[in-house]
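Enquirer: Quick one: this structure, given as structure tokens, is what I'll be asking you about.
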Amino acid sequence: MKRLALALLCCVALDAMAQDHSHHMMPMPMPAPTTGEQPKTPIPALTDADRAAAKPPMADHPEHDNAIQSFVQFNRLEGFDGGLEWQGQAWIGTDTDKLWLRSEGERIDERTEAADLEVLYGKPIARWWDLVAGVRHDFKPGASQDWAAIGVTGTTPYKIELEATAYIGASGRTAARIEAEYEALLTNRLILQPLVELNLNGKDDPARHVGAGLSTAEAGLRLRYEVTRQFAPYIGVVYERAFGDTADLRHDASDTRVVAGFRIWF
Amino acid sequence: MTLRTPNGGPAQPARRRFVQGLAAGGAVAGLGLWPRASYALQGAGLPSVLSGTQFDLSIGETPMNFTGRTRTAITVNGSLPAPLLRWREGTTVDLRVSNALPMHSVHGHETSIHWHGILLPANMDGVPGISFDGIHRGETYAYRFDVKQSGTYWYHSHSAYQEQVGLYGPLIIDPIEPAPFAFDRDYVVMLTDWTDLDPAALFARLKKMPGYDNYYKRTLGDFMRDARRDGLAETIEDRKLWGAMRMTPTDLADVNANTYTYLLNGTTSLGNWTGLFRSGEKVRLRFINGASMTYFDVRIPGLKMTVVAADGQYVHPVTVDEFRIATAETFDVIVEPSGQDAFTIFAQDMGRTGYVSGTLAVREGLRAPVPAVEARQILSMADMGHGAAAHDMAGMDMAGMDHAAMGHAAMGHAMPAAQHHPASESHNPFVDMQAASPTPKLDDPGIGLRDNGRTVLTYSMLRSVFDDPDGRDPGRDIELHLTGHMERFTWGFNGQKFSQAEPLRFNYGERLRIVLVNDTMMTHPIHLHGMWSDLEDADGNFHVRKHTIDMPPGSRRSYRVRADALGGWAYHCHLLFHMEAGMMREVRVDE
């Protein structure tokens with residue numbers, strides 16, 4: 001833009017110089033100043049009618065290029081033996097400013113074991129990356145707690161979708177969550193989706209069965225069929241494992257389950 | 001207002017075909033909107049024709065059914081396409097355009113008509129907010145201007161998404177001097193794309209999932225096939241190149257036949273628009289691409305086509321088997337059908353996902369074989385303008401380049417030179433790639449049309465029959481880069497959207513050069529209102545006069561503009577959703 005502005009400036013300057021040589025009072029030189037040639041087809045002299053027709057209109061051009069759009073997606077909405085799990089996200093906003101909602105949780109034997117909701121402001125910061133910052137509220141496990149959240153979401157080379165978020169909570173608690181997923185196209189409708197989610201914690205939190213360090217990791221492999229782009233049922237297998245102190249605090253350090261569900265967006 | 005058939009047009013009653021069209025689910029106004037008497041006076045399969053100098057055009061809603069489902073189209077005088085307007089060069093036309101959109105129309109309360117490619121005073125150009133205030137419900141806007149040119153053009157709404165829902169029509173201007181070629185019959189072939197979706201919903205869908213319509217992405221099966229054919233290492237290397245760029249080589253068009261039903265003169269292939277001929281006659285076909293988002297590849301198997309005009313302006317005749325017509329372009333061709341009773345006009349979309357066809361025949365009801373849609377092609381690194389530099393693309397930052405040395409390397413040297421980019425593109429989250437070594441590509445027929453055994457039109461074959469009418473060398477260059485982001489579905493020039501950028505300033509009377517560089521992986525038809533775009537050849541010489549310049553990915557093309565039209569003018573990509581997403585500028589020509 002600066003270069004363009006400079007080019008325009010130069011032009012205006014050249015115009016001004018050319019104007020000095022002009023023997024009449026035209027506000028702009030004709031023809032263009034840098035060549036001094038006459039056009040083969042003469043430039044029509046301007047009339048008052050031309051000037052009247054060239055007046056800018058009262059109304060501004062209606063702009064759609066920064067309109068508010070929205071998106072809601074349940075990436076995972078699945079059941080397994082004895083429970084169900086959800087993971088979804090939504091955004092509303094313009095190209096440059098978006099409000100994000102994210103939620104994930106798990107119900108086992110009709111009791112909510114874990115549930116959280118994030119409310120984040122998102123802004124594109126690089127070609128393939130958005131910065132997000134806001135708050136996360138954990139309803140479960142244990143007593144509810146709040147975190148401040150900051151992270152990035154975007155696409156790595158080779159089209160791996162990545163979300164990495166750091167959290168700071170009360171009494172110096174810290175946590176981080178990294179989620180990566182990929183789409184392998186068996187066909188254009190039958191899609192294998194590997195997914196890895198890592199949870200890290202800064203401190204032990206025995207009441208929530210969480211230990212410091214890498215607490216849990218989940219690896220999932222889901223095979224979905226896109227009946228339409230918006231609706232895709234899937235089946236999958238999920239392996240979850242607790243590490244370190246977290247493993248010591250839990251009854252089962254690992255769990256493998258078969259899941260079935262669907263992905264929807266609108 | 002007078003009504004007549006075009007020169008040499010047939011005068012068969014249209015009612016029989018009209019009913020056929022209904023049975024075939026073609027371009028028929030539904031819900032009891034039977035043709036008025038005047039419609040039946042028109043030639044078979046022609047849109048209604050209005051000619052003279054006085055026109056009353058009423059913009060309203062009309063139910064239409066192209067797919068089995070009835071939807072509301074925005075129409076002119078109840079017709080889709082809008083009536084064929086026939087003007088005469090040297091006259092003054094009066095067009096009273098009234099807004100009869102009903103209350104609560106989903107397509108808004110405001111409308112407009114832009115006369116595409118027509119030279120006229122700024123306030124007659126019909127772009128709300130740039131040339132006038134738009135036409136509000138119940139209002140009538142009086143367009144009045146001198147007709148200073150001749151040829152094949154078209155007109156369409158410039159309000160919101162109304163062009164996508166049917167507000168487009170052909171515009172033919174008869175010349176004062178006879179055409180420099182002979183013909184016995186004259187037909188318009190207007191190609192468009194129709195969707196049952198509300199176009200605002202389609203735009204929103206592109207924002208959420210730009211690849212929605214791409215059911216042609218490369219799969220595991222393709223990987224194994226390529227590995228067997230090209231070797232594992234090469235296949236992995238290829239996937240790495242595309243993966244590193246986070247691009248998809250099957251991404252040829254944002255919206256394709258998975259969403260669109262293609263129309264020819266407002267009817268589907270099933271409706272089979274037919275133009276009649278007698279063996280040995282010369283038939284002039286005026287192709288107009290009035291689609292919102294679609295490029296068509298057109299051929300008539302068994303017939304050579306002699307291209308005689310492009311964007312309304314005569315060119316030295318060139319005979320081809322096939323041409324690609326960018327959105328908003330027009331090509332006039334002469335064909336001489338003989339030896340068989342019917343020929344198929346076949347227009348497949350550039351991405352090879354669908355087609356529309358019509359027929360040239362000696363009588364109604366005949367058909368010739370319809371070719372299969374050809375194999376889909378995938379983009380190569382050369383298509384993307386990357387050449388050998390592809391490896392460096394993903395995170396390339398050109399800030400350190402010597403801009404002065406690169407400055408005017410432009411004018412299309414055959415040898416690709418490293419391309420510099422405006423600073424506004426650097427670290428811009430809405431610019432997902434930059435062409436490393438773009439070239440003019442004037443002799444490239446384009447992806448899917450190379451070496452297909454047919455003679456395919458290229459820009460280098462199009463030569464105006466006249467010399468540069470201005471004759472001056474451009475006094476200055478304006479370089480603009482076409483930019484975008486595939487995943488965010490944002491589009492602009494130099495990384496900036498319309499709403500972020502100041503108007504481009506031209507000085508009245510100056511001759512300037514616009515240099516366009518396509519930094520995206522998509523092809524963009526770029527249209528400047530109010531003034532001609534005089535395309536230059538690779539050496540910077542005047543080549544062909546046009547109103548819409550196609551910019552394939554990886555191309556760098558330049559054209560001359562004579563700023564002889566005072567006022568504000570729209571300048572934009574003619575892919576509707578690219579324009580709406582920001583690939584637009586205002587040009588202001590000031591004294």
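Ordering of the structure tokens sets the chain letters (A, B, ...), residue numbers begin anew at 1 in every chain, and ligands are numbered from 1 in the order given.
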Which residues are near B:Ser460? Cut-off 12 Å, only C-alpha atoms, ignore same chain within fewer than 6 positions. Put them as an MDAnalysis selection string.

Expert: chainID B and resid 315:316 318 440:445 535:539 541:544 557

Enquirer: Tell me, as a tab-separated table (two decimals) with all heavy atoms, in the first residue's frame, which residues lie within 7 Å of B:Val165, counting only C-alpha atoms; anything in the same chain fewer than 4 positions away does not count.

Expert:
chain	number	residue	atom	x	y	z
B	73	ALA	N	-37.15	-16.79	-8.28
B	73	ALA	CA	-36.08	-16.11	-9.01
B	73	ALA	C	-36.36	-14.61	-9.02
B	73	ALA	O	-37.50	-14.18	-8.84
B	73	ALA	CB	-36.02	-16.63	-10.44
B	74	ILE	N	-35.30	-13.83	-9.20
B	74	ILE	CA	-35.47	-12.40	-9.44
B	74	ILE	C	-35.38	-12.21	-10.95
B	74	ILE	O	-34.41	-12.65	-11.58
B	74	ILE	CB	-34.36	-11.58	-8.74
B	74	ILE	CG1	-34.33	-11.89	-7.25
B	74	ILE	CG2	-34.59	-10.09	-8.97
B	74	ILE	CD1	-35.48	-11.37	-6.45
B	194	TRP	N	-27.50	-22.06	-11.91
B	194	TRP	CA	-28.68	-21.89	-11.06
B	194	TRP	C	-28.51	-22.75	-9.80
B	194	TRP	O	-27.98	-23.87	-9.88
B	194	TRP	CB	-29.93	-22.35	-11.81
B	194	TRP	CG	-31.12	-22.42	-10.90
B	194	TRP	CD1	-31.60	-23.51	-10.24
B	194	TRP	CD2	-31.97	-21.32	-10.52
B	194	TRP	NE1	-32.67	-23.16	-9.48
B	194	TRP	CE2	-32.93	-21.83	-9.62
B	194	TRP	CE3	-32.01	-19.96	-10.85
B	194	TRP	CZ2	-33.93	-21.03	-9.05
B	194	TRP	CZ3	-33.00	-19.17	-10.28
B	194	TRP	CH2	-33.94	-19.69	-9.40

Enquirer: Restricting the calculation to only C-alpha atoms: of A:Phe71, A:Tyr167, A:Phe231, A:Trp147, which residue gets closest to chain B?

Expert: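 Among the listed residues, A:Phe71 lies closest to chain B.
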
Enquirer: Output as a tab-separated table one row per residue of stretch 278-342 of chain B within 12 Å of stretch 173-185 of chain B: the closest atom pair and its distance in Å to one decimal place, counting only C-alpha atoms, sorted by chain and residue number ascending.

Expert:
residue	atom	partner	partner_atom	distance
B:Arg278	CA	B:Asp184	CA	9.5
B:Ser279	CA	B:Asp184	CA	11.1
B:Gly280	CA	B:Asp184	CA	9.6
B:Glu281	CA	B:Asp184	CA	5.9
B:Lys282	CA	B:Phe183	CA	4.7
B:Val283	CA	B:Arg185	CA	4.8
B:Arg284	CA	B:Arg185	CA	5.9
B:Leu285	CA	B:Arg185	CA	8.4
B:Arg286	CA	B:Arg185	CA	10.8
B:Thr306	CA	B:Phe181	CA	10.5
B:Val307	CA	B:Phe181	CA	10.9
B:Val308	CA	B:Phe181	CA	8.0
B:Ala309	CA	B:Ala179	CA	10.1
B:Gly312	CA	B:Ile173	CA	8.8
B:Gln313	CA	B:Ala179	CA	10.5
B:Tyr314	CA	B:Pro180	CA	8.3
B:Val315	CA	B:Pro180	CA	9.9
B:His316	CA	B:Pro180	CA	9.8
B:Pro317	CA	B:Phe181	CA	9.0
B:Asp332	CA	B:Phe181	CA	11.3
B:Val333	CA	B:Phe183	CA	10.2
B:Ile334	CA	B:Phe183	CA	7.4
B:Val335	CA	B:Phe183	CA	9.0
B:Glu336	CA	B:Phe183	CA	9.2
B:Pro337	CA	B:Arg185	CA	11.5

Enquirer: Only N, CA and C atoms, please: the residues just picked out, written as a PDB file, in the first residue's frame.

Expert:
ATOM      1  N   ARG B 278     -30.647 -23.980 -41.694  1.00  0.00           N
ATOM      2  CA  ARG B 278     -30.733 -24.753 -42.940  1.00  0.00           C
ATOM      3  C   ARG B 278     -29.308 -25.070 -43.353  1.00  0.00           C
ATOM      4  N   SER B 279     -29.133 -26.246 -43.873  1.00  0.00           N
ATOM      5  CA  SER B 279     -27.788 -26.705 -44.217  1.00  0.00           C
ATOM      6  C   SER B 279     -27.063 -25.675 -45.078  1.00  0.00           C
ATOM      7  N   GLY B 280     -25.837 -25.394 -44.695  1.00  0.00           N
ATOM      8  CA  GLY B 280     -25.017 -24.466 -45.482  1.00  0.00           C
ATOM      9  C   GLY B 280     -25.111 -23.022 -45.021  1.00  0.00           C
ATOM     10  N   GLU B 281     -26.052 -22.734 -44.138  1.00  0.00           N
ATOM     11  CA  GLU B 281     -26.152 -21.356 -43.656  1.00  0.00           C
ATOM     12  C   GLU B 281     -25.015 -21.058 -42.694  1.00  0.00           C
ATOM     13  N   LYS B 282     -24.693 -19.769 -42.611  1.00  0.00           N
ATOM     14  CA  LYS B 282     -23.746 -19.310 -41.601  1.00  0.00           C
ATOM     15  C   LYS B 282     -24.553 -18.845 -40.391  1.00  0.00           C
ATOM     16  N   VAL B 283     -24.256 -19.427 -39.263  1.00  0.00           N
ATOM     17  CA  VAL B 283     -24.997 -19.107 -38.047  1.00  0.00           C
ATOM     18  C   VAL B 283     -24.071 -18.389 -37.083  1.00  0.00           C
ATOM     19  N   ARG B 284     -24.502 -17.218 -36.648  1.00  0.00           N
ATOM     20  CA  ARG B 284     -23.722 -16.472 -35.658  1.00  0.00           C
ATOM     21  C   ARG B 284     -24.260 -16.835 -34.276  1.00  0.00           C
ATOM     22  N   LEU B 285     -23.391 -17.332 -33.460  1.00  0.00           N
ATOM     23  CA  LEU B 285     -23.757 -17.668 -32.081  1.00  0.00           C
ATOM     24  C   LEU B 285     -23.056 -16.687 -31.163  1.00  0.00           C
ATOM     25  N   ARG B 286     -23.839 -15.996 -30.367  1.00  0.00           N
ATOM     26  CA  ARG B 286     -23.275 -15.014 -29.439  1.00  0.00           C
ATOM     27  C   ARG B 286     -23.252 -15.637 -28.053  1.00  0.00           C
ATOM     28  N   THR B 306     -15.665 -20.216 -35.789  1.00  0.00           N
ATOM     29  CA  THR B 306     -14.783 -19.093 -36.113  1.00  0.00           C
ATOM     30  C   THR B 306     -15.123 -17.932 -35.187  1.00  0.00           C
ATOM     31  N   VAL B 307     -14.189 -17.635 -34.314  1.00  0.00           N
ATOM     32  CA  VAL B 307     -14.409 -16.560 -33.352  1.00  0.00           C
ATOM     33  C   VAL B 307     -14.227 -15.234 -34.081  1.00  0.00           C
ATOM     34  N   VAL B 308     -15.254 -14.379 -34.034  1.00  0.00           N
ATOM     35  CA  VAL B 308     -15.193 -13.113 -34.767  1.00  0.00           C
ATOM     36  C   VAL B 308     -15.269 -11.899 -33.842  1.00  0.00           C
ATOM     37  N   ALA B 309     -15.671 -12.117 -32.596  1.00  0.00           N
ATOM     38  CA  ALA B 309     -15.723 -10.990 -31.659  1.00  0.00           C
ATOM     39  C   ALA B 309     -15.510 -11.515 -30.250  1.00  0.00           C
ATOM     40  N   GLY B 312     -17.685  -8.177 -27.281  1.00  0.00           N
ATOM     41  CA  GLY B 312     -18.386  -7.202 -28.113  1.00  0.00           C
ATOM     42  C   GLY B 312     -17.561  -6.585 -29.210  1.00  0.00           C
ATOM     43  N   GLN B 313     -16.249  -6.785 -29.190  1.00  0.00           N
ATOM     44  CA  GLN B 313     -15.355  -6.120 -30.150  1.00  0.00           C
ATOM     45  C   GLN B 313     -14.830  -7.119 -31.175  1.00  0.00           C
ATOM     46  N   TYR B 314     -14.827  -6.664 -32.438  1.00  0.00           N
ATOM     47  CA  TYR B 314     -14.375  -7.570 -33.498  1.00  0.00           C
ATOM     48  C   TYR B 314     -12.920  -7.972 -33.301  1.00  0.00           C
ATOM     49  N   VAL B 315     -12.674  -9.245 -33.601  1.00  0.00           N
ATOM     50  CA  VAL B 315     -11.292  -9.726 -33.638  1.00  0.00           C
ATOM     51  C   VAL B 315     -11.034 -10.342 -35.005  1.00  0.00           C
ATOM     52  N   HIS B 316      -9.767 -10.456 -35.357  1.00  0.00           N
ATOM     53  CA  HIS B 316      -9.425 -11.167 -36.584  1.00  0.00           C
ATOM     54  C   HIS B 316      -9.956 -12.585 -36.444  1.00  0.00           C
ATOM     55  N   PRO B 317     -10.713 -13.053 -37.434  1.00  0.00           N
ATOM     56  CA  PRO B 317     -11.348 -14.371 -37.292  1.00  0.00           C
ATOM     57  C   PRO B 317     -10.315 -15.457 -37.003  1.00  0.00           C
ATOM     58  N   ASP B 332     -18.402 -14.091 -29.892  1.00  0.00           N
ATOM     59  CA  ASP B 332     -19.263 -14.355 -31.050  1.00  0.00           C
ATOM     60  C   ASP B 332     -18.524 -15.314 -31.962  1.00  0.00           C
ATOM     61  N   VAL B 333     -19.214 -16.365 -32.369  1.00  0.00           N
ATOM     62  CA  VAL B 333     -18.594 -17.309 -33.302  1.00  0.00           C
ATOM     63  C   VAL B 333     -19.536 -17.520 -34.483  1.00  0.00           C
ATOM     64  N   ILE B 334     -18.934 -17.877 -35.619  1.00  0.00           N
ATOM     65  CA  ILE B 334     -19.711 -18.248 -36.803  1.00  0.00           C
ATOM     66  C   ILE B 334     -19.523 -19.748 -37.029  1.00  0.00           C
ATOM     67  N   VAL B 335     -20.629 -20.445 -37.198  1.00  0.00           N
ATOM     68  CA  VAL B 335     -20.554 -21.864 -37.552  1.00  0.00           C
ATOM     69  C   VAL B 335     -21.335 -22.070 -38.851  1.00  0.00           C
ATOM     70  N   GLU B 336     -20.946 -23.086 -39.596  1.00  0.00           N
ATOM     71  CA  GLU B 336     -21.646 -23.411 -40.847  1.00  0.00           C
ATOM     72  C   GLU B 336     -22.081 -24.862 -40.816  1.00  0.00           C
ATOM     73  N   PRO B 337     -23.175 -25.127 -40.105  1.00  0.00           N
ATOM     74  CA  PRO B 337     -23.577 -26.523 -39.955  1.00  0.00           C
ATOM     75  C   PRO B 337     -24.064 -27.109 -41.283  1.00  0.00           C
TER      76      PRO B 337
END

Enquirer: Of the residues B:Glu580, B:Asp341, B:Glu139, B:Asp125, which is the one nearest to A:Ala67, using only C-alpha atoms?

Expert: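 Using only C-alpha atoms, A:Ala67 sits closest to B:Glu580.
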
Enquirer: Just need the residues of chain B within 7 Å of chain A, counting only C-alpha atoms, so spit them out as an MDAnalysis selection string.

Expert: chainID B and resid 121:123 128:133 204 208 212 215:217 219:221 243:246 422:424 427:432 469:473 475 497 499 509:511 564 566:568 580:582 591

Enquirer: Please write the residues from the selection above to a file, keeping C-alpha atoms, as a PDB file, in the first residue's frame.

Expert:
ATOM      1  CA  PRO B 121     -21.874   8.272 -17.791  1.00  0.00           C
ATOM      2  CA  ALA B 122     -21.029   7.171 -14.267  1.00  0.00           C
ATOM      3  CA  ASN B 123     -24.518   7.602 -12.854  1.00  0.00           C
ATOM      4  CA  PRO B 128     -25.306   0.912  -5.788  1.00  0.00           C
ATOM      5  CA  GLY B 129     -23.085   3.079  -3.627  1.00  0.00           C
ATOM      6  CA  ILE B 130     -20.547   3.744  -6.383  1.00  0.00           C
ATOM      7  CA  SER B 131     -22.542   5.077  -9.332  1.00  0.00           C
ATOM      8  CA  PHE B 132     -25.966   5.705  -7.814  1.00  0.00           C
ATOM      9  CA  ASP B 133     -28.102   5.009  -4.775  1.00  0.00           C
ATOM     10  CA  ALA B 204     -22.361 -18.452   4.324  1.00  0.00           C
ATOM     11  CA  LYS B 208     -17.915 -22.211   6.910  1.00  0.00           C
ATOM     12  CA  TYR B 212     -18.005 -28.197   0.485  1.00  0.00           C
ATOM     13  CA  TYR B 215     -15.954 -34.261  -3.792  1.00  0.00           C
ATOM     14  CA  TYR B 216     -12.862 -34.869  -5.895  1.00  0.00           C
ATOM     15  CA  LYS B 217     -10.109 -34.612  -3.322  1.00  0.00           C
ATOM     16  CA  THR B 219      -8.003 -40.303  -1.683  1.00  0.00           C
ATOM     17  CA  LEU B 220      -6.031 -43.235  -0.387  1.00  0.00           C
ATOM     18  CA  GLY B 221      -6.977 -45.070  -3.580  1.00  0.00           C
ATOM     19  CA  GLY B 243       0.509 -30.801   1.977  1.00  0.00           C
ATOM     20  CA  ALA B 244       3.172 -28.234   2.842  1.00  0.00           C
ATOM     21  CA  MET B 245       1.106 -25.576   1.087  1.00  0.00           C
ATOM     22  CA  ARG B 246      -2.071 -26.892   2.696  1.00  0.00           C
ATOM     23  CA  PRO B 422       3.255  -5.743  -2.065  1.00  0.00           C
ATOM     24  CA  ALA B 423       4.177  -5.250   1.572  1.00  0.00           C
ATOM     25  CA  SER B 424       0.499  -5.478   2.510  1.00  0.00           C
ATOM     26  CA  HIS B 427       2.309 -11.505   7.370  1.00  0.00           C
ATOM     27  CA  ASN B 428      -1.249 -11.106   6.209  1.00  0.00           C
ATOM     28  CA  PRO B 429      -3.522 -13.866   7.558  1.00  0.00           C
ATOM     29  CA  PHE B 430      -5.783 -13.451   4.536  1.00  0.00           C
ATOM     30  CA  VAL B 431      -3.089 -14.259   1.952  1.00  0.00           C
ATOM     31  CA  ASP B 432      -2.489 -17.987   1.809  1.00  0.00           C
ATOM     32  CA  PRO B 469      -7.337   3.423 -30.535  1.00  0.00           C
ATOM     33  CA  ASP B 470      -5.438   5.624 -28.107  1.00  0.00           C
ATOM     34  CA  GLY B 471      -1.895   5.085 -29.318  1.00  0.00           C
ATOM     35  CA  ARG B 472      -0.119   6.545 -26.306  1.00  0.00           C
ATOM     36  CA  ASP B 473       2.270   4.635 -24.147  1.00  0.00           C
ATOM     37  CA  GLY B 475       2.062   7.163 -18.403  1.00  0.00           C
ATOM     38  CA  LYS B 497     -10.690  -6.405   1.031  1.00  0.00           C
ATOM     39  CA  SER B 499     -13.980  -2.408   2.757  1.00  0.00           C
ATOM     40  CA  GLY B 509      -7.553  11.563 -19.838  1.00  0.00           C
ATOM     41  CA  GLU B 510      -4.530   9.570 -18.814  1.00  0.00           C
ATOM     42  CA  ARG B 511      -3.440   6.323 -20.385  1.00  0.00           C
ATOM     43  CA  ASP B 564     -11.881   8.808 -20.359  1.00  0.00           C
ATOM     44  CA  LEU B 566     -15.266  10.675 -15.154  1.00  0.00           C
ATOM     45  CA  GLY B 567     -16.600   9.413 -11.839  1.00  0.00           C
ATOM     46  CA  GLY B 568     -16.683   6.299  -9.698  1.00  0.00           C
ATOM     47  CA  GLU B 580     -18.812 -10.199  -2.204  1.00  0.00           C
ATOM     48  CA  ALA B 581     -15.935 -11.499  -0.093  1.00  0.00           C
ATOM     49  CA  GLY B 582     -13.851  -8.439  -0.956  1.00  0.00           C
ATOM     50  CA  GLU B 591     -10.315  15.828 -13.297  1.00  0.00           C
TER      51      GLU B 591
END

Enquirer: Quick one: residues within 10 Å of B:His529, only C-alpha atoms, excluding same-chain residues fewer than 5 positions away - as a compact mmCIF listing (two decimals) with N, CA, C and O atoms, in the first residue's frame?

Expert:
# COMPACT_ATOMS: atom_id res chain seq x y z
N HIS B 114 -26.78 -3.20 -14.00
CA HIS B 114 -25.51 -2.74 -14.54
C HIS B 114 -25.40 -3.24 -15.98
O HIS B 114 -25.66 -4.40 -16.26
N TRP B 115 -25.06 -2.34 -16.88
CA TRP B 115 -24.94 -2.67 -18.31
C TRP B 115 -23.49 -3.07 -18.54
O TRP B 115 -22.62 -2.22 -18.68
N HIS B 116 -23.24 -4.36 -18.57
CA HIS B 116 -21.87 -4.87 -18.52
C HIS B 116 -21.11 -4.58 -19.82
O HIS B 116 -21.49 -5.05 -20.89
N GLY B 117 -20.01 -3.85 -19.68
CA GLY B 117 -19.14 -3.57 -20.84
C GLY B 117 -19.54 -2.34 -21.62
O GLY B 117 -18.94 -2.04 -22.65
N ILE B 118 -20.56 -1.63 -21.14
CA ILE B 118 -21.07 -0.48 -21.89
C ILE B 118 -20.42 0.81 -21.38
O ILE B 118 -20.31 1.04 -20.18
N LEU B 119 -19.99 1.65 -22.35
CA LEU B 119 -19.42 2.96 -22.02
C LEU B 119 -20.57 3.93 -21.79
O LEU B 119 -21.41 4.10 -22.67
N LEU B 120 -20.61 4.54 -20.64
CA LEU B 120 -21.72 5.44 -20.34
C LEU B 120 -21.34 6.37 -19.18
O LEU B 120 -20.31 6.17 -18.53
N ALA B 122 -21.18 7.95 -15.49
CA ALA B 122 -21.03 7.17 -14.27
C ALA B 122 -22.36 6.87 -13.59
O ALA B 122 -22.58 5.77 -13.09
N ASP B 125 -24.30 3.65 -14.64
CA ASP B 125 -23.61 2.36 -14.64
C ASP B 125 -24.29 1.34 -13.74
O ASP B 125 -24.09 0.15 -13.88
N VAL B 127 -24.24 0.69 -10.25
CA VAL B 127 -23.64 0.00 -9.10
C VAL B 127 -24.01 0.76 -7.82
O VAL B 127 -23.53 1.87 -7.60
N HIS B 547 -13.54 -6.21 -21.97
CA HIS B 547 -14.06 -5.60 -20.75
C HIS B 547 -13.79 -6.48 -19.53
O HIS B 547 -13.96 -6.05 -18.39
N THR B 548 -13.39 -7.73 -19.78
CA THR B 548 -13.15 -8.67 -18.69
C THR B 548 -11.88 -9.43 -19.02
O THR B 548 -11.79 -10.02 -20.10
N ALA B 565 -13.52 8.35 -18.64
CA ALA B 565 -14.87 8.30 -18.07
C ALA B 565 -14.79 8.83 -16.65
O ALA B 565 -14.23 8.18 -15.77
N GLY B 568 -17.02 7.50 -10.47
CA GLY B 568 -16.68 6.30 -9.70
C GLY B 568 -17.10 5.04 -10.43
O GLY B 568 -18.20 4.97 -10.98
N TRP B 569 -16.19 4.06 -10.45
CA TRP B 569 -16.43 2.83 -11.21
C TRP B 569 -16.05 1.62 -10.38
O TRP B 569 -15.05 1.64 -9.68
N ALA B 570 -16.85 0.59 -10.51
CA ALA B 570 -16.51 -0.66 -9.84
C ALA B 570 -15.42 -1.39 -10.62
O ALA B 570 -15.38 -1.32 -11.85
N TYR B 571 -14.57 -2.06 -9.90
CA TYR B 571 -13.47 -2.84 -10.50
C TYR B 571 -13.35 -4.09 -9.65
O TYR B 571 -13.07 -4.01 -8.45
N HIS B 572 -13.60 -5.24 -10.25
CA HIS B 572 -13.76 -6.41 -9.37
C HIS B 572 -13.60 -7.73 -10.11
O HIS B 572 -13.66 -7.78 -11.34
N GLU B 586 -12.97 0.34 -5.76
CA GLU B 586 -13.58 1.43 -6.52
C GLU B 586 -12.47 2.15 -7.27
O GLU B 586 -11.39 2.40 -6.71
N VAL B 587 -12.72 2.46 -8.53
CA VAL B 587 -11.81 3.30 -9.30
C VAL B 587 -12.46 4.67 -9.40
O VAL B 587 -13.64 4.78 -9.77
